[in-house]
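*Asks:* Quick one: the structure is below, and I'll ask about it shortly.
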Amino acid sequence: MLVLECRNVFKKIGHHVIVSDLSFSLNEGDILGFIGPNGAGKTTSIKMMVGLQSLSGGSIKIFGYDIRKDFTKAIRQVGAIVENPDMYMYLTGYENLKIAASFYQIDASRIDEVVRMVGLEGRIHEKVKNYSLGMRQRLGIAASILHHPKLLILDEPLNGLDPEGIRELKDILLRLAHEDKMAIIVSSHILSELESFCNRVCIFSRGHVLKNATIEEIKKITEKEVYQLEVSSTKLDSILSSYLVIDEAHIELSSTKENIVNILKALLLNDVLVYEVKKKVLGLEDVFLKVMEASHDF
Amino acid sequence: MIFRLMKIEVKKVFKRKSIYVIWGLMLLFCFVNSFLYFRDYDDEGRYLYSKEEDINEEIKALEEEKEKVQNTNATTIIKTKIELLKLKKKFSKDSWQYAKINDYLYDAVYEKNIRSEDNAALERYQKLLVKFKNNDYLYFLKQDRDNITNQIKEIKKEILASDEDLFLERELKQKEETLKVLNFRIKNHIREDTGYLNQALVCYVQAREEMQEGKKNTYQERIHYQELKKEKKINEFILKSRVNYQKENTVNALIFGIMNDYEFFFVVILLMVSAMMICDEYQTGTFKFLLIKPVSRFIIILSKYFTSLLILGFSVLLVFCFQFILGGIFFGLDSLNLGVIVYDYGLDKVLVLHVFLAFFYSFLAKLPFYLMIGLICLLLGVLTTSTVTSMMIPLMLAIFSPFMLDVAVSHQLYWMKYLPNFTWRFSDYLFASSSKLEGLGFQFSCIWYSIYFVILFFFLVKLFQRRDIQNV
Ligand SMILES: Nc1ncnc2c1ncn2[C@@H]1O[C@H](COP(=O)(O)OP(=O)(O)O)[C@@H](O)[C@H]1O
Ligand SMILES: [Mg+2]
């Protein structure tokens, strides 16, 4: 079932185009990753989806309700954290949740349930100003799933979470998507964080959506990994078809995991000594470059 | 929904420390105020520590002067003065003796001193002194009456002899007035002390005199005339009822004065709460939390507006209760049955109201002012998201409006009546009184106030609905 539909969404502040031509749709059970470096326009897009900012063009519909025209009907189905898990610092976590609950018909047992779900039982009655960022993140998630929303939007929810917390959150999100058929949007500036549990991604760069694809497509692009080799000679034209010389002892080449063995074999057979083989971790920029390359290819 | 939202807002306000600080200060002020009235005023409502003339100093100065003078007559005069001052010291400064000693005893003392060998003079003086000391004010008043009556007879004779002497006619009129007052004093036993009856009588006579001379040509003169009329009626009422309505150290006076005395606190509380509810939420980003809930923004801003007014109402009630309790402890609650008096300009009548009712009227008259500055504060909050701006501008408006009105009056800037901060002054029209500025009337204010209110409110709602939530 179609949960969210963005069509040609466009946002301009002054002369500055912040989001241009964002179009995608989201079905129940989908987990969509918004990936992009800081300032790419992820938060702005999310703000438009939850009605915190106006659209300069295009339309956003949640369950068929236009977010601008039928705001209350549309937003009733949505739970969200935008930018930061901003809570009332001078209230306790529990009081914050009670405020959130008072907008829906929600009883106290549900509050306890979500508190347990995010693992805040021990400290829920403390003031939020004494919380760490990770705990605020958990509280924010608790508040946003309180009313069983059909669409959950989390802006950088992994910020400030410890590895344990990240794993727990992933579990929670997967469960919500699979069991409650929630559609989820999660933004992050780190691709690897999302790869493992998103089934679709949108890659943002400077207000443009570079790629809107399933995770399989992205994986295919990023699968070709980059390896850095320390070698005795860098004159290898006769052996390798494409490689990059970094300095007199280092080269870089991209290859799949299986193929790197063949390359090493070929080098050694040609009396080129290999001292070190290092897999280069792909930064977001590298992925972008790859995505750009790939999208030119298609 | 709106009540649920208001409940949330109230809850949030009550969790803030700053509001308790202001409330604490307000109640402290309340206590100090009541306590000072308790400490510094006597049973008649007179201030105990008003500046006293330094009699000893005067005596010293006169004695130095006496050394220098040679002339026997002058010496006697100084001697008489010193003697009177020494006598005066024995009386309380609130007594009629203190006020009138020179008028009543000077002649007798002088006679005694100038003719020291004349026993008759001494005897006359001693008799008079006994009467003076025994509080026989009626004797002296009657003495005065007889004097005046004689003077009037003389003047009448003179008028008959001369023809159309305006000066004499005027003098006759004045004397007749004085005679009337004296007769009134004798009949009603009103001494010339600092008691409230004498005060009322003096004010009454003065107001009546001024009214006779008062012109009624310009607006200012008419307003002044109205005030005189009020003064006259109020004091007349006090004289007739013989109740000290204007006593300040009573529960009545304290409660009736709340809307004036605590205005600054109320304004600050209202602005603080309004600014807090808007600017803090913008600045800390919690507005996002609120604005992605299934409620329209109109309801949200309305709930915030109502909440600020609710907190204001609560603060007024808080002061009211506290003042009531403190007043009861310090002054007793007897005055509640008396009520307070107000002058109704329209009816030209003095009304006795229960103090609670009078207080409620004063609250109602002030309400439009609070409604407007609260609205302005919210509007500025949405516009600028700056706490300082949204608090300071309405605060300035509130503080400087009276000065602006004075400027408008003294420079005859009649166009200023269209200013929003002039049209909110509904307490100026309480009991049909008039504004100081010509052209600023009740109906005028009603119309323009409504126009401003509707425009600002509409603007606030539209702005709030359109406003993008910026990154923080
Ligand atoms: N009010 C504004 N005026 C001008 N530029 C803005 C405004 N708000 C955001 N931006 C710009 O929009 C871009 C996108 O911001 P944002 O959506 O927060 O990025 P992200 O969440 O992806 O890090 C940034 O370059 C930011 O500087
Ligand atoms: Mg962001």
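Identifiers in the structure tokens: chain A, B, ... in order shown; residue index from 1 per chain; ligand index from 1 in order shown.
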Chain B near ligand 1 within 10 Å: what's each residue's closest atom pair and its distance in Å to one decimal, counting only C-alpha atoms and all ligand atoms, ordered by chain then ascending residue number, as CSV?

*Replies:*
```
residue,atom,partner,partner_atom_place_in_ligand_line,distance
B:Asp468,CA,ligand 1,1 (N),8.3
B:Ile469,CA,ligand 1,1 (N),8.5
B:Gln470,CA,ligand 1,1 (N),5.6
B:Asn471,CA,ligand 1,8 (N),5.9
B:Val472,CA,ligand 1,8 (N),9.2
```

*Asks:* Mind listing the residues within 7 Å of ligand 2, only C-alpha atoms and all ligand atoms counted, as an mmCIF file with N, CA and C atoms, in the first residue's frame?

*Replies:*
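The resulting selection-v2.cif:
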```cif
data_model
loop_
_atom_site.group_PDB
_atom_site.id
_atom_site.type_symbol
_atom_site.label_atom_id
_atom_site.label_comp_id
_atom_site.auth_asym_id
_atom_site.auth_seq_id
_atom_site.Cartn_x
_atom_site.Cartn_y
_atom_site.Cartn_z
ATOM 1 N N ASN A 38 26.547 16.436 4.932
ATOM 2 C CA ASN A 38 25.883 17.550 5.609
ATOM 3 C C ASN A 38 25.540 18.644 4.614
ATOM 4 N N GLY A 39 24.372 19.187 4.768
ATOM 5 C CA GLY A 39 23.972 20.287 3.886
ATOM 6 C C GLY A 39 23.421 19.832 2.557
ATOM 7 N N LYS A 42 18.735 16.797 3.250
ATOM 8 C CA LYS A 42 17.935 15.714 3.826
ATOM 9 C C LYS A 42 16.934 16.261 4.835
ATOM 10 N N THR A 43 17.448 17.067 5.767
ATOM 11 C CA THR A 43 16.564 17.595 6.805
ATOM 12 C C THR A 43 15.471 18.460 6.201
ATOM 13 N N GLU A 83 15.767 16.701 12.675
ATOM 14 C CA GLU A 83 17.048 17.304 13.063
ATOM 15 C C GLU A 83 17.635 16.672 14.316
ATOM 16 N N ASP A 155 15.397 11.482 11.498
ATOM 17 C CA ASP A 155 16.490 12.255 10.910
ATOM 18 C C ASP A 155 17.751 11.989 11.723
ATOM 19 N N GLU A 156 18.706 11.392 11.109
ATOM 20 C CA GLU A 156 19.976 11.067 11.765
ATOM 21 C C GLU A 156 19.775 10.420 13.135
#
```

*Asks:* So, counting only C-alpha atoms, which residue among A:Asn84, A:Ser56, A:Asn8, A:Thr214 is closest to chain B?

*Replies:* A:Asn84

*Asks:* Show me which bits of chain B are within 10 Å of chain A, counting only C-alpha atoms, as a count of residues only.

*Replies:* 35

*Asks:* Can you pull out every residue within 7 Å of A:Gly33, counting only C-alpha atoms, but drop anything in the same chain fewer than 4 positions away, and send it as number ranges by chain?

*Replies:* A: 185-187, 194, 198, 200-202

*Asks:* Between atom CA of B:Asp261 and atom CA of B:Phe29, what is the distance in Å, rounded to a tenth?

*Replies:*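 It comes out at 9.8 Å.
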
*Asks:* To test your reading of the structure, identify every residue in stretch 3-233 of chain A that backbone DSSP assigns to strand (DSSP E or B), and report it as a PyMOL selection string.

*Replies:* chain A and resi 3-13+16-27+31-35+57-62+65-66+78-81+92+127+151-154+183-188+200-205+208-214+225-231

*Asks:* Please list as a ChimeraX atom specification every residue within 10 Å of A:Ile246, counting only C-alpha atoms and excluding residues in the same chain fewer than 2 positions away.

*Replies:* /A:228-230,234,243-244,248-252

*Asks:* Counting only C-alpha atoms, figure out which residue out of A:Leu253, A:Ser238, A:Asn259, A:Thr92 gets nearest to A:Lys129.

*Replies:* A:Thr92

*Asks:* Please return as number ranges by chain: the residues of stretch 334-383 of chain B that backbone DSSP assigns to helix (DSSP H, G or I).

*Replies:* B: 335-338, 355-383

*Asks:* Go ahead and compute the interatomic distance for atom CA of B:His411 and atom CA of B:Gly441, in Å to one decimal.

*Replies:* 18.6 Å

*Asks:* So that I can see what lies close to B:Asn183, please list as a tab-separated table (two decimals) with C-alpha atoms, in the first residue's frame the residues with an atom at most 9 Å from it, counting only C-alpha atoms and leaving out residues fewer than 3 positions away in the same chain.

*Replies:*
```
chain	number	residue	atom	x	y	z
B	141	LEU	CA	-14.98	77.75	67.07
B	142	LYS	CA	-17.86	79.70	68.54
B	145	ARG	CA	-18.08	82.44	64.58
B	178	THR	CA	-16.28	80.94	56.22
B	179	LEU	CA	-19.21	81.43	58.55
B	180	LYS	CA	-21.05	78.56	56.91
B	186	ILE	CA	-19.78	73.49	65.31
B	187	LYS	CA	-22.82	71.48	64.41
B	188	ASN	CA	-20.88	68.37	63.43
```

*Asks:* Please measure the separation of atom CA of B:Glu53 and atom CA of B:Tyr196, giving the value in Å to one decimal.

*Replies:*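 A separation of 21.1 Å between them.
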
*Asks:* Quick one: of B:Asn249, B:Lys133, B:Met277, B:Ala61, who's nearest to B:Lys90, counting only C-alpha atoms?

*Replies:*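 The shortest atom-to-atom distance to B:Lys90 comes from B:Lys133.
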